[in-house]
$ cat structure-v2.pdb   # PDB, C-alpha atoms
ATOM      1  CA  MET A 881       0.000   0.000   0.000
ATOM      2  CA  THR A 882       1.577   3.276  -1.144
ATOM      3  CA  VAL A 883       1.482   6.104   1.371
ATOM      4  CA  LEU A 884       0.637   9.576   0.154
ATOM      5  CA  TYR A 885       2.547  12.800   0.637
ATOM      6  CA  LEU A 886       1.098  16.260   0.131
ATOM      7  CA  GLU A 887       2.511  16.353  -3.418
ATOM      8  CA  ASP A 888       0.548  13.199  -4.332
ATOM      9  CA  ILE A 889      -2.843  14.666  -3.392
ATOM     10  CA  ALA A 890      -4.940  16.772  -5.755
ATOM     11  CA  VAL A 891      -8.366  18.402  -5.680
ATOM     12  CA  GLY A 892     -11.037  16.068  -6.997
ATOM     13  CA  GLN A 893      -9.320  12.799  -6.092
ATOM     14  CA  LYS A 894     -11.732  10.261  -4.607
ATOM     15  CA  TYR A 895     -11.125   7.462  -2.143
ATOM     16  CA  GLY A 896     -13.393   4.624  -1.045
ATOM     17  CA  SER A 897     -13.659   2.405   2.006
ATOM     18  CA  GLY A 898     -14.760  -1.005   3.128
ATOM     19  CA  ARG A 899     -18.065  -1.551   4.892
ATOM     20  CA  ALA A 900     -19.120  -1.631   8.540
ATOM     21  CA  ARG A 901     -22.350  -3.211   9.756
ATOM     22  CA  VAL A 902     -23.890  -1.738  12.916
ATOM     23  CA  ASP A 903     -26.171  -3.867  15.060
ATOM     24  CA  ALA A 904     -28.469  -2.934  17.938
ATOM     25  CA  GLU A 905     -26.128  -4.345  20.588
ATOM     26  CA  GLU A 906     -23.233  -2.213  19.349
ATOM     27  CA  ILE A 907     -25.439   0.889  19.257
ATOM     28  CA  LYS A 908     -26.480   0.306  22.867
ATOM     29  CA  ALA A 909     -22.966  -0.557  24.080
ATOM     30  CA  PHE A 910     -21.440   2.604  22.592
ATOM     31  CA  ALA A 911     -24.287   4.704  23.979
ATOM     32  CA  ALA A 912     -24.016   3.176  27.446
ATOM     33  CA  GLU A 913     -20.380   4.247  27.562
ATOM     34  CA  PHE A 914     -20.478   7.614  25.781
ATOM     35  CA  ASP A 915     -23.993   8.875  25.016
ATOM     36  CA  PRO A 916     -26.445   7.406  27.536
ATOM     37  CA  GLN A 917     -29.730   8.806  26.204
ATOM     38  CA  PRO A 918     -32.929   6.722  25.894
ATOM     39  CA  PHE A 919     -33.137   6.928  22.074
ATOM     40  CA  HIS A 920     -29.690   5.281  21.805
ATOM     41  CA  LEU A 921     -30.286   2.683  24.535
ATOM     42  CA  ASP A 922     -33.783   1.243  24.309
ATOM     43  CA  GLU A 923     -36.099   0.439  21.393
ATOM     44  CA  GLU A 924     -39.322   1.204  23.293
ATOM     45  CA  ALA A 925     -38.129   4.522  24.732
ATOM     46  CA  ALA A 926     -36.795   5.514  21.312
ATOM     47  CA  LYS A 927     -40.198   5.181  19.635
ATOM     48  CA  GLY A 928     -41.555   8.369  21.196
ATOM     49  CA  SER A 929     -38.333  10.342  20.719
ATOM     50  CA  PHE A 930     -37.012  12.730  18.084
ATOM     51  CA  PHE A 931     -35.553   9.698  16.269
ATOM     52  CA  ARG A 932     -38.788   7.604  16.171
ATOM     53  CA  GLY A 933     -36.845   4.431  16.890
ATOM     54  CA  LEU A 934     -33.446   3.228  18.059
ATOM     55  CA  ALA A 935     -30.659   5.227  16.424
ATOM     56  CA  ALA A 936     -26.873   5.224  16.801
ATOM     57  CA  SER A 937     -25.210   8.119  18.578
ATOM     58  CA  GLY A 938     -23.784  10.526  16.017
ATOM     59  CA  TRP A 939     -20.424  10.062  17.737
ATOM     60  CA  HIS A 940     -20.709   6.323  17.149
ATOM     61  CA  THR A 941     -21.272   7.018  13.443
ATOM     62  CA  ALA A 942     -18.283   9.381  13.528
ATOM     63  CA  ALA A 943     -16.094   6.747  15.204
ATOM     64  CA  LEU A 944     -17.147   4.053  12.698
ATOM     65  CA  THR A 945     -16.447   6.508   9.889
ATOM     66  CA  MET A 946     -12.946   7.031  11.288
ATOM     67  CA  ARG A 947     -12.355   3.263  11.232
ATOM     68  CA  LEU A 948     -13.501   3.123   7.605
ATOM     69  CA  LEU A 949     -11.216   6.057   6.756
ATOM     70  CA  VAL A 950      -8.164   4.623   8.526
ATOM     71  CA  THR A 951      -8.641   1.215   6.900
ATOM     72  CA  GLY A 952      -9.689   2.667   3.528
ATOM     73  CA  GLU A 953      -7.930   3.749   0.354
ATOM     74  CA  PHE A 954      -6.611   7.115   1.543
ATOM     75  CA  LYS A 955      -3.269   6.468   3.243
ATOM     76  CA  PRO A 956      -1.422   9.701   4.042
ATOM     77  CA  ALA A 957       2.164   9.359   5.286
ATOM     78  CA  GLY A 958       2.114   9.878   9.026
ATOM     79  CA  GLY A 959      -1.510   8.750   9.417
ATOM     80  CA  VAL A 960      -4.993  10.251   9.226
ATOM     81  CA  ILE A 961      -4.618  13.245  11.555
ATOM     82  CA  GLY A 962      -7.425  15.790  11.709
ATOM     83  CA  ALA A 963      -6.837  19.328  12.932
ATOM     84  CA  GLY A 964     -10.458  20.375  12.725
ATOM     85  CA  ASN A 965     -13.731  19.229  11.249
ATOM     86  CA  GLU A 966     -17.259  20.140  10.422
ATOM     87  CA  ILE A 967     -19.619  17.251  10.970
ATOM     88  CA  SER A 968     -23.334  16.940  10.371
ATOM     89  CA  TRP A 969     -25.715  14.035  10.687
ATOM     90  CA  THR A 970     -28.280  13.909   7.934
ATOM     91  CA  ARG A 971     -30.385  10.878   8.951
ATOM     92  CA  PRO A 972     -30.424   8.300  11.734
ATOM     93  CA  VAL A 973     -28.223   5.187  11.634
ATOM     94  CA  ARG A 974     -30.476   2.208  12.433
ATOM     95  CA  PRO A 975     -29.701  -1.317  13.673
ATOM     96  CA  GLY A 976     -28.608  -3.452  10.729
ATOM     97  CA  ASP A 977     -27.386  -0.517   8.655
ATOM     98  CA  VAL A 978     -24.204  -1.124   6.664
ATOM     99  CA  LEU A 979     -22.009   1.957   6.339
ATOM    100  CA  ARG A 980     -19.353   2.941   3.828
ATOM    101  CA  VAL A 981     -17.483   6.186   3.200
ATOM    102  CA  GLU A 982     -16.669   8.128   0.049
ATOM    103  CA  SER A 983     -14.033  10.829   0.366
ATOM    104  CA  GLU A 984     -13.196  13.646  -2.024
ATOM    105  CA  VAL A 985     -10.283  16.076  -1.826
ATOM    106  CA  LEU A 986     -11.589  19.661  -1.755
ATOM    107  CA  GLU A 987      -8.402  21.642  -1.166
ATOM    108  CA  VAL A 988      -4.644  21.102  -0.821
ATOM    109  CA  ARG A 989      -2.350  23.745   0.626
ATOM    110  CA  PRO A 990       1.185  23.827   1.993
ATOM    111  CA  SER A 991       1.539  25.192   5.515
ATOM    112  CA  LYS A 992       3.142  28.634   5.713
ATOM    113  CA  SER A 993       4.381  28.207   9.264
ATOM    114  CA  ARG A 994       5.499  24.564   8.924
ATOM    115  CA  PRO A 995       7.126  23.941   5.536
ATOM    116  CA  GLU A 996       7.437  20.199   6.192
ATOM    117  CA  GLN A 997       3.663  19.690   6.046
ATOM    118  CA  GLY A 998       0.397  20.922   4.579
ATOM    119  CA  LEU A 999      -3.355  20.755   5.028
ATOM    120  CA  VAL A1000      -5.748  18.697   2.949
ATOM    121  CA  LYS A1001      -9.440  19.533   3.200
ATOM    122  CA  MET A1002     -11.437  16.405   2.497
ATOM    123  CA  ARG A1003     -15.161  15.733   2.477
ATOM    124  CA  SER A1004     -16.033  12.229   3.677
ATOM    125  CA  THR A1005     -19.664  11.265   3.216
ATOM    126  CA  THR A1006     -20.918   8.209   5.093
ATOM    127  CA  PHE A1007     -23.656   6.286   3.286
ATOM    128  CA  ASN A1008     -25.974   3.522   4.451
ATOM    129  CA  GLN A1009     -26.827   0.407   2.407
ATOM    130  CA  LYS A1010     -29.522   2.367   0.524
ATOM    131  CA  ASP A1011     -26.864   4.888  -0.571
ATOM    132  CA  GLU A1012     -28.472   7.543   1.627
ATOM    133  CA  PRO A1013     -25.985   9.897   3.316
ATOM    134  CA  VAL A1014     -26.049   9.586   7.106
ATOM    135  CA  GLN A1015     -23.094  11.849   7.905
ATOM    136  CA  VAL A1016     -21.043  14.490   6.132
ATOM    137  CA  LEU A1017     -17.607  15.206   7.553
ATOM    138  CA  VAL A1018     -15.364  17.943   6.177
ATOM    139  CA  ALA A1019     -11.941  17.372   7.704
ATOM    140  CA  ASN A1020      -8.760  19.401   7.659
ATOM    141  CA  LEU A1021      -6.008  16.809   7.645
ATOM    142  CA  VAL A1022      -2.336  17.355   8.404
ATOM    143  CA  VAL A1023      -0.240  15.659   5.694
ATOM    144  CA  PRO A1024       3.578  15.690   5.486
ATOM    145  CA  ARG A1025       5.394  16.912   2.393
ATOM    146  CA  ARG A1026       7.889  14.639   0.724
ATOM    147  CA  ARG A1027      11.378  15.634   1.790
ATOM    148  CA  SER A1028      13.480  17.016  -1.031
ATOM    149  CA  SER A1029      16.668  15.107  -1.818
ATOM    150  CA  SER A1030      18.815  17.970  -0.472
ATOM    151  CA  GLU A1031      16.970  17.835   2.859
ATOM    152  CA  ALA A1032      17.265  14.065   2.893
ATOM    153  CA  LEU A1033      21.023  14.355   2.354
ATOM    154  CA  SER A1034      21.470  16.986   5.032
ATOM    155  CA  ASN A1035      19.621  14.774   7.500
ATOM    156  CA  ALA A1036      21.442  11.608   6.497
TER     157      ALA A1036
ATOM    158  CA  MET B1217     -33.284  18.045  37.618
ATOM    159  CA  THR B1218     -35.265  20.624  35.638
ATOM    160  CA  VAL B1219     -35.320  20.090  31.902
ATOM    161  CA  LEU B1220     -34.897  23.098  29.645
ATOM    162  CA  TYR B1221     -37.093  24.299  26.802
ATOM    163  CA  LEU B1222     -36.004  26.766  24.153
ATOM    164  CA  GLU B1223     -37.613  29.615  26.135
ATOM    165  CA  ASP B1224     -35.387  28.819  29.133
ATOM    166  CA  ILE B1225     -32.130  29.174  27.224
ATOM    167  CA  ALA B1226     -30.358  32.508  26.691
ATOM    168  CA  VAL B1227     -27.118  33.678  25.128
ATOM    169  CA  GLY B1228     -24.294  33.766  27.658
ATOM    170  CA  GLN B1229     -25.633  31.022  29.933
ATOM    171  CA  LYS B1230     -22.904  28.645  31.103
ATOM    172  CA  TYR B1231     -23.113  25.000  32.075
ATOM    173  CA  GLY B1232     -20.512  22.751  33.685
ATOM    174  CA  SER B1233     -19.883  19.030  33.818
ATOM    175  CA  GLY B1234     -18.378  16.314  35.961
ATOM    176  CA  ARG B1235     -14.955  14.877  35.237
ATOM    177  CA  ALA B1236     -13.707  11.912  33.230
ATOM    178  CA  ARG B1237     -10.274  10.363  33.693
ATOM    179  CA  VAL B1238      -8.726   8.704  30.651
ATOM    180  CA  ASP B1239      -6.131   5.981  31.079
ATOM    181  CA  ALA B1240      -3.794   4.324  28.586
ATOM    182  CA  GLU B1241      -5.830   1.125  28.408
ATOM    183  CA  GLU B1242      -8.998   3.045  27.473
ATOM    184  CA  ILE B1243      -7.110   5.051  24.852
ATOM    185  CA  LYS B1244      -5.825   1.831  23.274
ATOM    186  CA  ALA B1245      -9.174   0.006  23.482
ATOM    187  CA  PHE B1246     -11.084   2.826  21.778
ATOM    188  CA  ALA B1247      -8.386   3.113  19.117
ATOM    189  CA  ALA B1248      -8.320  -0.632  18.458
ATOM    190  CA  GLU B1249     -12.046  -0.497  17.703
ATOM    191  CA  PHE B1250     -12.374   2.846  15.907
ATOM    192  CA  ASP B1251      -9.037   4.517  15.103
ATOM    193  CA  PRO B1252      -6.325   1.868  14.786
ATOM    194  CA  GLN B1253      -3.272   4.065  14.194
ATOM    195  CA  PRO B1254       0.118   3.487  15.915
ATOM    196  CA  PHE B1255       0.099   6.786  17.856
ATOM    197  CA  HIS B1256      -3.189   5.780  19.563
ATOM    198  CA  LEU B1257      -2.195   2.129  20.159
ATOM    199  CA  ASP B1258       1.404   1.872  21.291
ATOM    200  CA  GLU B1259       3.634   4.092  23.456
ATOM    201  CA  GLU B1260       6.843   3.255  21.606
ATOM    202  CA  ALA B1261       5.414   3.757  18.120
ATOM    203  CA  ALA B1262       3.807   7.016  19.274
ATOM    204  CA  LYS B1263       7.147   8.555  20.293
ATOM    205  CA  GLY B1264       8.250   9.161  16.709
ATOM    206  CA  SER B1265       4.819  10.316  15.511
ATOM    207  CA  PHE B1266       3.141  13.693  15.075
ATOM    208  CA  PHE B1267       1.895  13.353  18.674
ATOM    209  CA  ARG B1268       5.324  12.610  20.285
ATOM    210  CA  GLY B1269       3.736  10.084  22.617
ATOM    211  CA  LEU B1270       0.543   8.105  23.155
ATOM    212  CA  ALA B1271      -2.519  10.303  22.552
ATOM    213  CA  ALA B1272      -6.250   9.607  22.546
ATOM    214  CA  SER B1273      -8.101   9.558  19.236
ATOM    215  CA  GLY B1274      -9.893  12.870  18.752
ATOM    216  CA  TRP B1275     -13.099  10.860  18.355
ATOM    217  CA  HIS B1276     -12.461   9.319  21.771
ATOM    218  CA  THR B1277     -12.162  12.825  23.213
ATOM    219  CA  ALA B1278     -15.365  13.765  21.375
ATOM    220  CA  ALA B1279     -17.198  10.717  22.737
ATOM    221  CA  LEU B1280     -16.013  11.402  26.300
ATOM    222  CA  THR B1281     -17.098  15.018  25.879
ATOM    223  CA  MET B1282     -20.549  13.805  24.851
ATOM    224  CA  ARG B1283     -20.781  11.720  28.031
ATOM    225  CA  LEU B1284     -19.810  14.758  30.106
ATOM    226  CA  LEU B1285     -22.423  16.860  28.272
ATOM    227  CA  VAL B1286     -25.219  14.295  28.630
ATOM    228  CA  THR B1287     -24.491  13.815  32.335
ATOM    229  CA  GLY B1288     -23.784  17.510  32.966
ATOM    230  CA  GLU B1289     -25.793  20.560  33.926
ATOM    231  CA  PHE B1290     -27.375  21.308  30.544
ATOM    232  CA  LYS B1291     -30.557  19.224  30.299
ATOM    233  CA  PRO B1292     -32.671  20.150  27.269
ATOM    234  CA  ALA B1293     -36.120  18.582  27.058
ATOM    235  CA  GLY B1294     -35.913  15.765  24.527
ATOM    236  CA  GLY B1295     -32.192  15.178  25.056
ATOM    237  CA  VAL B1296     -28.905  16.498  23.748
ATOM    238  CA  ILE B1297     -29.430  16.183  19.990
ATOM    239  CA  GLY B1298     -26.878  17.727  17.652
ATOM    240  CA  ALA B1299     -27.732  18.600  14.063
ATOM    241  CA  GLY B1300     -24.247  19.718  13.115
ATOM    242  CA  ASN B1301     -20.973  20.633  14.729
ATOM    243  CA  GLU B1302     -17.589  22.162  14.237
ATOM    244  CA  ILE B1303     -14.943  20.346  16.206
ATOM    245  CA  SER B1304     -11.263  21.048  16.610
ATOM    246  CA  TRP B1305      -8.603  19.416  18.718
ATOM    247  CA  THR B1306      -6.193  21.871  20.230
ATOM    248  CA  ARG B1307      -3.737  19.591  22.018
ATOM    249  CA  PRO B1308      -3.286  15.855  22.633
ATOM    250  CA  VAL B1309      -5.168  14.009  25.382
ATOM    251  CA  ARG B1310      -2.592  11.934  27.284
ATOM    252  CA  PRO B1311      -2.954   8.883  29.549
ATOM    253  CA  GLY B1312      -3.988  10.043  33.031
ATOM    254  CA  ASP B1313      -5.604  13.260  31.812
ATOM    255  CA  VAL B1314      -8.812  14.263  33.586
ATOM    256  CA  LEU B1315     -11.310  16.002  31.327
ATOM    257  CA  ARG B1316     -14.177  18.382  32.058
ATOM    258  CA  VAL B1317     -16.384  20.498  29.814
ATOM    259  CA  GLU B1318     -17.548  24.099  30.008
ATOM    260  CA  SER B1319     -20.424  25.061  27.730
ATOM    261  CA  GLU B1320     -21.662  28.519  26.787
ATOM    262  CA  VAL B1321     -24.784  29.400  24.814
ATOM    263  CA  LEU B1322     -23.817  31.443  21.722
ATOM    264  CA  GLU B1323     -27.155  31.730  19.922
ATOM    265  CA  VAL B1324     -30.829  30.783  20.374
ATOM    266  CA  ARG B1325     -33.275  30.812  17.505
ATOM    267  CA  PRO B1326     -36.729  29.385  16.846
ATOM    268  CA  SER B1327     -37.033  27.187  13.765
ATOM    269  CA  LYS B1328     -38.952  28.770  10.889
ATOM    270  CA  SER B1329     -39.981  25.477   9.329
ATOM    271  CA  ARG B1330     -40.745  23.642  12.597
ATOM    272  CA  PRO B1331     -42.473  25.950  15.106
ATOM    273  CA  GLU B1332     -42.375  23.298  17.840
ATOM    274  CA  GLN B1333     -38.583  23.513  18.142
ATOM    275  CA  GLY B1334     -35.529  25.706  17.766
ATOM    276  CA  LEU B1335     -31.755  25.625  17.465
ATOM    277  CA  VAL B1336     -29.282  26.441  20.192
ATOM    278  CA  LYS B1337     -25.692  27.073  19.191
ATOM    279  CA  MET B1338     -23.435  26.112  22.055
ATOM    280  CA  ARG B1339     -19.656  26.119  22.425
ATOM    281  CA  SER B1340     -18.394  23.285  24.616
ATOM    282  CA  THR B1341     -14.710  23.490  25.484
ATOM    283  CA  THR B1342     -13.083  20.369  26.903
ATOM    284  CA  PHE B1343     -10.258  21.081  29.362
ATOM    285  CA  ASN B1344      -7.614  18.822  30.883
ATOM    286  CA  GLN B1345      -6.578  18.885  34.553
ATOM    287  CA  LYS B1346      -4.199  21.776  33.830
ATOM    288  CA  ASP B1347      -7.137  23.821  32.495
ATOM    289  CA  GLU B1348      -5.687  23.631  28.984
ATOM    290  CA  PRO B1349      -8.302  23.273  26.230
ATOM    291  CA  VAL B1350      -7.994  19.962  24.374
ATOM    292  CA  GLN B1351     -11.118  20.264  22.218
ATOM    293  CA  VAL B1352     -13.518  22.987  21.123
ATOM    294  CA  LEU B1353     -16.926  21.860  19.913
ATOM    295  CA  VAL B1354     -19.487  24.293  18.526
ATOM    296  CA  ALA B1355     -22.750  22.376  18.335
ATOM    297  CA  ASN B1356     -26.112  23.224  16.841
ATOM    298  CA  LEU B1357     -28.605  21.547  19.134
ATOM    299  CA  VAL B1358     -32.271  20.849  18.454
ATOM    300  CA  VAL B1359     -34.340  21.958  21.472
ATOM    301  CA  PRO B1360     -38.148  21.779  21.765
ATOM    302  CA  ARG B1361     -40.244  24.843  22.560
ATOM    303  CA  ARG B1362     -42.596  24.736  25.489
ATOM    304  CA  ARG B1363     -46.133  24.117  24.227
ATOM    305  CA  SER B1364     -48.436  27.054  24.796
ATOM    306  CA  SER B1365     -51.533  26.378  26.938
ATOM    307  CA  SER B1366     -53.811  26.755  23.911
ATOM    308  CA  GLU B1367     -51.825  24.110  22.034
ATOM    309  CA  ALA B1368     -51.867  21.886  25.104
ATOM    310  CA  LEU B1369     -55.654  22.206  25.270
ATOM    311  CA  SER B1370     -56.147  21.513  21.576
ATOM    312  CA  ASN B1371     -54.040  18.356  21.904
ATOM    313  CA  ALA B1372     -55.733  17.203  25.125
TER     314      ALA B1372
END

$ encode --input "structure-v2.pdb" --output "structure tokens"
Amino acid sequence: MTVLYLEDIAVGQKYGSGRARVDAEEIKAFAAEFDPQPFHLDEEAAKGSFFRGLAASGWHTAALTMRLLVTGEFKPAGGVIGAGNEISWTRPVRPGDVLRVESEVLEVRPSKSRPEQGLVKMRSTTFNQKDEPVQVLVANLVVPRRRSSSEALSNA
Amino acid sequence: MTVLYLEDIAVGQKYGSGRARVDAEEIKAFAAEFDPQPFHLDEEAAKGSFFRGLAASGWHTAALTMRLLVTGEFKPAGGVIGAGNEISWTRPVRPGDVLRVESEVLEVRPSKSRPEQGLVKMRSTTFNQKDEPVQVLVANLVVPRRRSSSEALSNA
């Protein structure tokens, strides 16, 4: 698997992921630890809630999305490291849903203050098995630049 | 514990939380499930990384922040339900760190399309035990309006 440096990344490039199935037990276990609200914990209580049925915590969807990103096609040198993000949840994630992520590069820019790296703005949309978007994440990722041969020599 | 309706919430209100300690085993367990990258999984591998030592996944920090919010002082009727967020991580969360959250209401507005609810924009800053911010979350929360007595009668 080839790792990517800033110079390898261009606006419009797209990257896919594998799939992650979410079941009711996982939804409840994540919620019990991190988001203990009735609509994430109990089918009956969820029926009368905003979500009209058991739904995954948005942070569970975000965490599953991160797993799909880290194990997916986009492999920046140094890892998938986010400096900041905008995240929105567009529909509930239900028990039995199967998630996948499509990412598109929106912007690539070298850092002014840190010449050895740059920022890549990437939109990662998480879809369910009906190809409906459940989450849109716009992430600003820190990606290293490839060292020039003169730098490599001076550090040898 | 009194629950809050949109009418109870005003710009400038502040809400606190309890505390959550994060240890190395929790950092590694979350990462193994959701963010399997060396700097979240292994002390030695983390030393040479961007983080210069073991650090929690940002999504782990976000999930812990959600627990502190849900169990904290801010109790909207219907639950803590985010429609969209901006999230940034300002410094690493290290093993042994103890996190707490301070929230401040930035904006309150009734929904035009859904008169029974509104949006509250809230900034929730997660601090470590040295009172250094580790995460800033600006969340747009869906909060129900209190039903007027005429509506209550017509629905009785």

$ atom_distance --input "structure-v2.pdb" --atom1 "CA of Lys1010 in chain A" --atom2 "CA of Ser929 in chain A"
23.4 Å

$ atom_distance --input "structure-v2.pdb" --atom1 "CA of Leu1280 in chain B" --atom2 "CA of His1256 in chain B"
15.5 Å

$ closest_residue --input "structure-v2.pdb" --among "A:Leu949, A:Ile967, A:Ala925, A:Leu884" --to "chain B" --atoms "only C-alpha atoms"
A:Ile967

$ calpha_fit_and_write --input "structure-v2.pdb" --fixed "chain A" --moving "chain B" --output "short mmCIF file (atom, residue, chain, number, x, y, z; two decimals) with C-alpha atoms, keeping the file's coordinate frame"
data_model
loop_
_atom_site.label_atom_id
_atom_site.label_comp_id
_atom_site.auth_asym_id
_atom_site.auth_seq_id
_atom_site.Cartn_x
_atom_site.Cartn_y
_atom_site.Cartn_z
CA MET B 1217 -0.07 -0.02 0.00
CA THR B 1218 1.55 3.24 -1.14
CA VAL B 1219 1.47 6.04 1.39
CA LEU B 1220 0.64 9.53 0.18
CA TYR B 1221 2.57 12.76 0.65
CA LEU B 1222 1.11 16.21 0.14
CA GLU B 1223 2.54 16.30 -3.40
CA ASP B 1224 0.55 13.16 -4.30
CA ILE B 1225 -2.82 14.63 -3.36
CA ALA B 1226 -4.93 16.74 -5.73
CA VAL B 1227 -8.34 18.37 -5.66
CA GLY B 1228 -11.03 16.05 -7.00
CA GLN B 1229 -9.32 12.78 -6.07
CA LYS B 1230 -11.74 10.24 -4.61
CA TYR B 1231 -11.13 7.44 -2.14
CA GLY B 1232 -13.42 4.62 -1.04
CA SER B 1233 -13.68 2.39 2.00
CA GLY B 1234 -14.80 -1.03 3.13
CA ARG B 1235 -18.11 -1.55 4.90
CA ALA B 1236 -19.16 -1.64 8.54
CA ARG B 1237 -22.40 -3.21 9.75
CA VAL B 1238 -23.93 -1.75 12.90
CA ASP B 1239 -26.23 -3.86 15.05
CA ALA B 1240 -28.52 -2.93 17.93
CA GLU B 1241 -26.19 -4.35 20.58
CA GLU B 1242 -23.28 -2.22 19.34
CA ILE B 1243 -25.48 0.88 19.24
CA LYS B 1244 -26.53 0.29 22.86
CA ALA B 1245 -23.01 -0.57 24.08
CA PHE B 1246 -21.47 2.58 22.59
CA ALA B 1247 -24.31 4.68 23.98
CA ALA B 1248 -24.05 3.16 27.45
CA GLU B 1249 -20.40 4.21 27.57
CA PHE B 1250 -20.49 7.58 25.79
CA ASP B 1251 -24.00 8.85 25.02
CA PRO B 1252 -26.46 7.39 27.54
CA GLN B 1253 -29.74 8.80 26.21
CA PRO B 1254 -32.96 6.73 25.90
CA PHE B 1255 -33.17 6.94 22.09
CA HIS B 1256 -29.71 5.29 21.79
CA LEU B 1257 -30.32 2.69 24.54
CA ASP B 1258 -33.82 1.26 24.31
CA GLU B 1259 -36.14 0.48 21.38
CA GLU B 1260 -39.34 1.24 23.27
CA ALA B 1261 -38.14 4.55 24.72
CA ALA B 1262 -36.80 5.54 21.30
CA LYS B 1263 -40.22 5.23 19.63
CA GLY B 1264 -41.56 8.43 21.18
CA SER B 1265 -38.32 10.38 20.72
CA PHE B 1266 -37.00 12.77 18.07
CA PHE B 1267 -35.54 9.72 16.28
CA ARG B 1268 -38.80 7.65 16.18
CA GLY B 1269 -36.86 4.47 16.89
CA LEU B 1270 -33.47 3.24 18.06
CA ALA B 1271 -30.67 5.25 16.42
CA ALA B 1272 -26.89 5.22 16.80
CA SER B 1273 -25.21 8.12 18.59
CA GLY B 1274 -23.78 10.52 16.03
CA TRP B 1275 -20.41 10.04 17.75
CA HIS B 1276 -20.73 6.30 17.15
CA THR B 1277 -21.29 7.01 13.46
CA ALA B 1278 -18.29 9.36 13.54
CA ALA B 1279 -16.11 6.73 15.21
CA LEU B 1280 -17.17 4.04 12.71
CA THR B 1281 -16.46 6.49 9.90
CA MET B 1282 -12.97 7.00 11.29
CA ARG B 1283 -12.37 3.24 11.23
CA LEU B 1284 -13.53 3.10 7.61
CA LEU B 1285 -11.22 6.03 6.76
CA VAL B 1286 -8.18 4.59 8.54
CA THR B 1287 -8.67 1.18 6.90
CA GLY B 1288 -9.70 2.63 3.53
CA GLU B 1289 -7.95 3.71 0.36
CA PHE B 1290 -6.62 7.08 1.55
CA LYS B 1291 -3.26 6.44 3.25
CA PRO B 1292 -1.41 9.66 4.06
CA ALA B 1293 2.16 9.30 5.30
CA GLY B 1294 2.10 9.82 9.05
CA GLY B 1295 -1.51 8.70 9.44
CA VAL B 1296 -4.97 10.20 9.24
CA ILE B 1297 -4.61 13.19 11.57
CA GLY B 1298 -7.42 15.73 11.73
CA ALA B 1299 -6.83 19.27 12.97
CA GLY B 1300 -10.45 20.34 12.75
CA ASN B 1301 -13.71 19.19 11.26
CA GLU B 1302 -17.25 20.12 10.45
CA ILE B 1303 -19.61 17.24 10.99
CA SER B 1304 -23.31 16.94 10.38
CA TRP B 1305 -25.69 14.04 10.69
CA THR B 1306 -28.25 13.91 7.94
CA ARG B 1307 -30.38 10.93 8.96
CA PRO B 1308 -30.44 8.32 11.73
CA VAL B 1309 -28.25 5.20 11.63
CA ARG B 1310 -30.51 2.23 12.42
CA PRO B 1311 -29.74 -1.29 13.66
CA GLY B 1312 -28.65 -3.44 10.71
CA ASP B 1313 -27.42 -0.50 8.64
CA VAL B 1314 -24.24 -1.10 6.65
CA LEU B 1315 -22.03 1.97 6.34
CA ARG B 1316 -19.38 2.95 3.81
CA VAL B 1317 -17.50 6.19 3.20
CA GLU B 1318 -16.68 8.12 0.05
CA SER B 1319 -14.03 10.82 0.37
CA GLU B 1320 -13.18 13.63 -2.03
CA VAL B 1321 -10.26 16.04 -1.82
CA LEU B 1322 -11.58 19.64 -1.74
CA GLU B 1323 -8.38 21.61 -1.15
CA VAL B 1324 -4.61 21.06 -0.80
CA ARG B 1325 -2.33 23.69 0.65
CA PRO B 1326 1.21 23.78 2.01
CA SER B 1327 1.57 25.15 5.54
CA LYS B 1328 3.18 28.59 5.73
CA SER B 1329 4.44 28.16 9.28
CA ARG B 1330 5.54 24.51 8.93
CA PRO B 1331 7.16 23.87 5.53
CA GLU B 1332 7.46 20.13 6.21
CA GLN B 1333 3.69 19.64 6.06
CA GLY B 1334 0.42 20.87 4.61
CA LEU B 1335 -3.34 20.71 5.04
CA VAL B 1336 -5.74 18.67 2.97
CA LYS B 1337 -9.42 19.50 3.20
CA MET B 1338 -11.42 16.39 2.51
CA ARG B 1339 -15.16 15.72 2.50
CA SER B 1340 -16.03 12.22 3.69
CA THR B 1341 -19.67 11.26 3.22
CA THR B 1342 -20.92 8.21 5.10
CA PHE B 1343 -23.67 6.30 3.29
CA ASN B 1344 -26.00 3.54 4.45
CA GLN B 1345 -26.85 0.43 2.40
CA LYS B 1346 -29.53 2.40 0.53
CA ASP B 1347 -26.88 4.91 -0.57
CA GLU B 1348 -28.48 7.58 1.62
CA PRO B 1349 -25.98 9.91 3.32
CA VAL B 1350 -26.06 9.59 7.11
CA GLN B 1351 -23.10 11.84 7.90
CA VAL B 1352 -21.03 14.48 6.14
CA LEU B 1353 -17.59 15.19 7.57
CA VAL B 1354 -15.35 17.93 6.19
CA ALA B 1355 -11.93 17.34 7.72
CA ASN B 1356 -8.75 19.37 7.67
CA LEU B 1357 -5.99 16.78 7.65
CA VAL B 1358 -2.32 17.31 8.42
CA VAL B 1359 -0.21 15.62 5.71
CA PRO B 1360 3.60 15.64 5.50
CA ARG B 1361 5.43 16.87 2.41
CA ARG B 1362 7.93 14.61 0.74
CA ARG B 1363 11.44 15.66 1.77
CA SER B 1364 13.47 17.03 -1.10
CA SER B 1365 16.73 15.17 -1.90
CA SER B 1366 18.80 18.11 -0.64
CA GLU B 1367 16.99 18.01 2.70
CA ALA B 1368 17.40 14.25 2.83
CA LEU B 1369 21.14 14.65 2.27
CA SER B 1370 21.51 17.37 4.88
CA ASN B 1371 19.74 15.16 7.43
CA ALA B 1372 21.70 12.01 6.50
#

$ atom_distance --input "structure-v2.pdb" --atom1 "CA of Val960 in chain A" --atom2 "CA of Glu887 in chain A"
15.9 Å
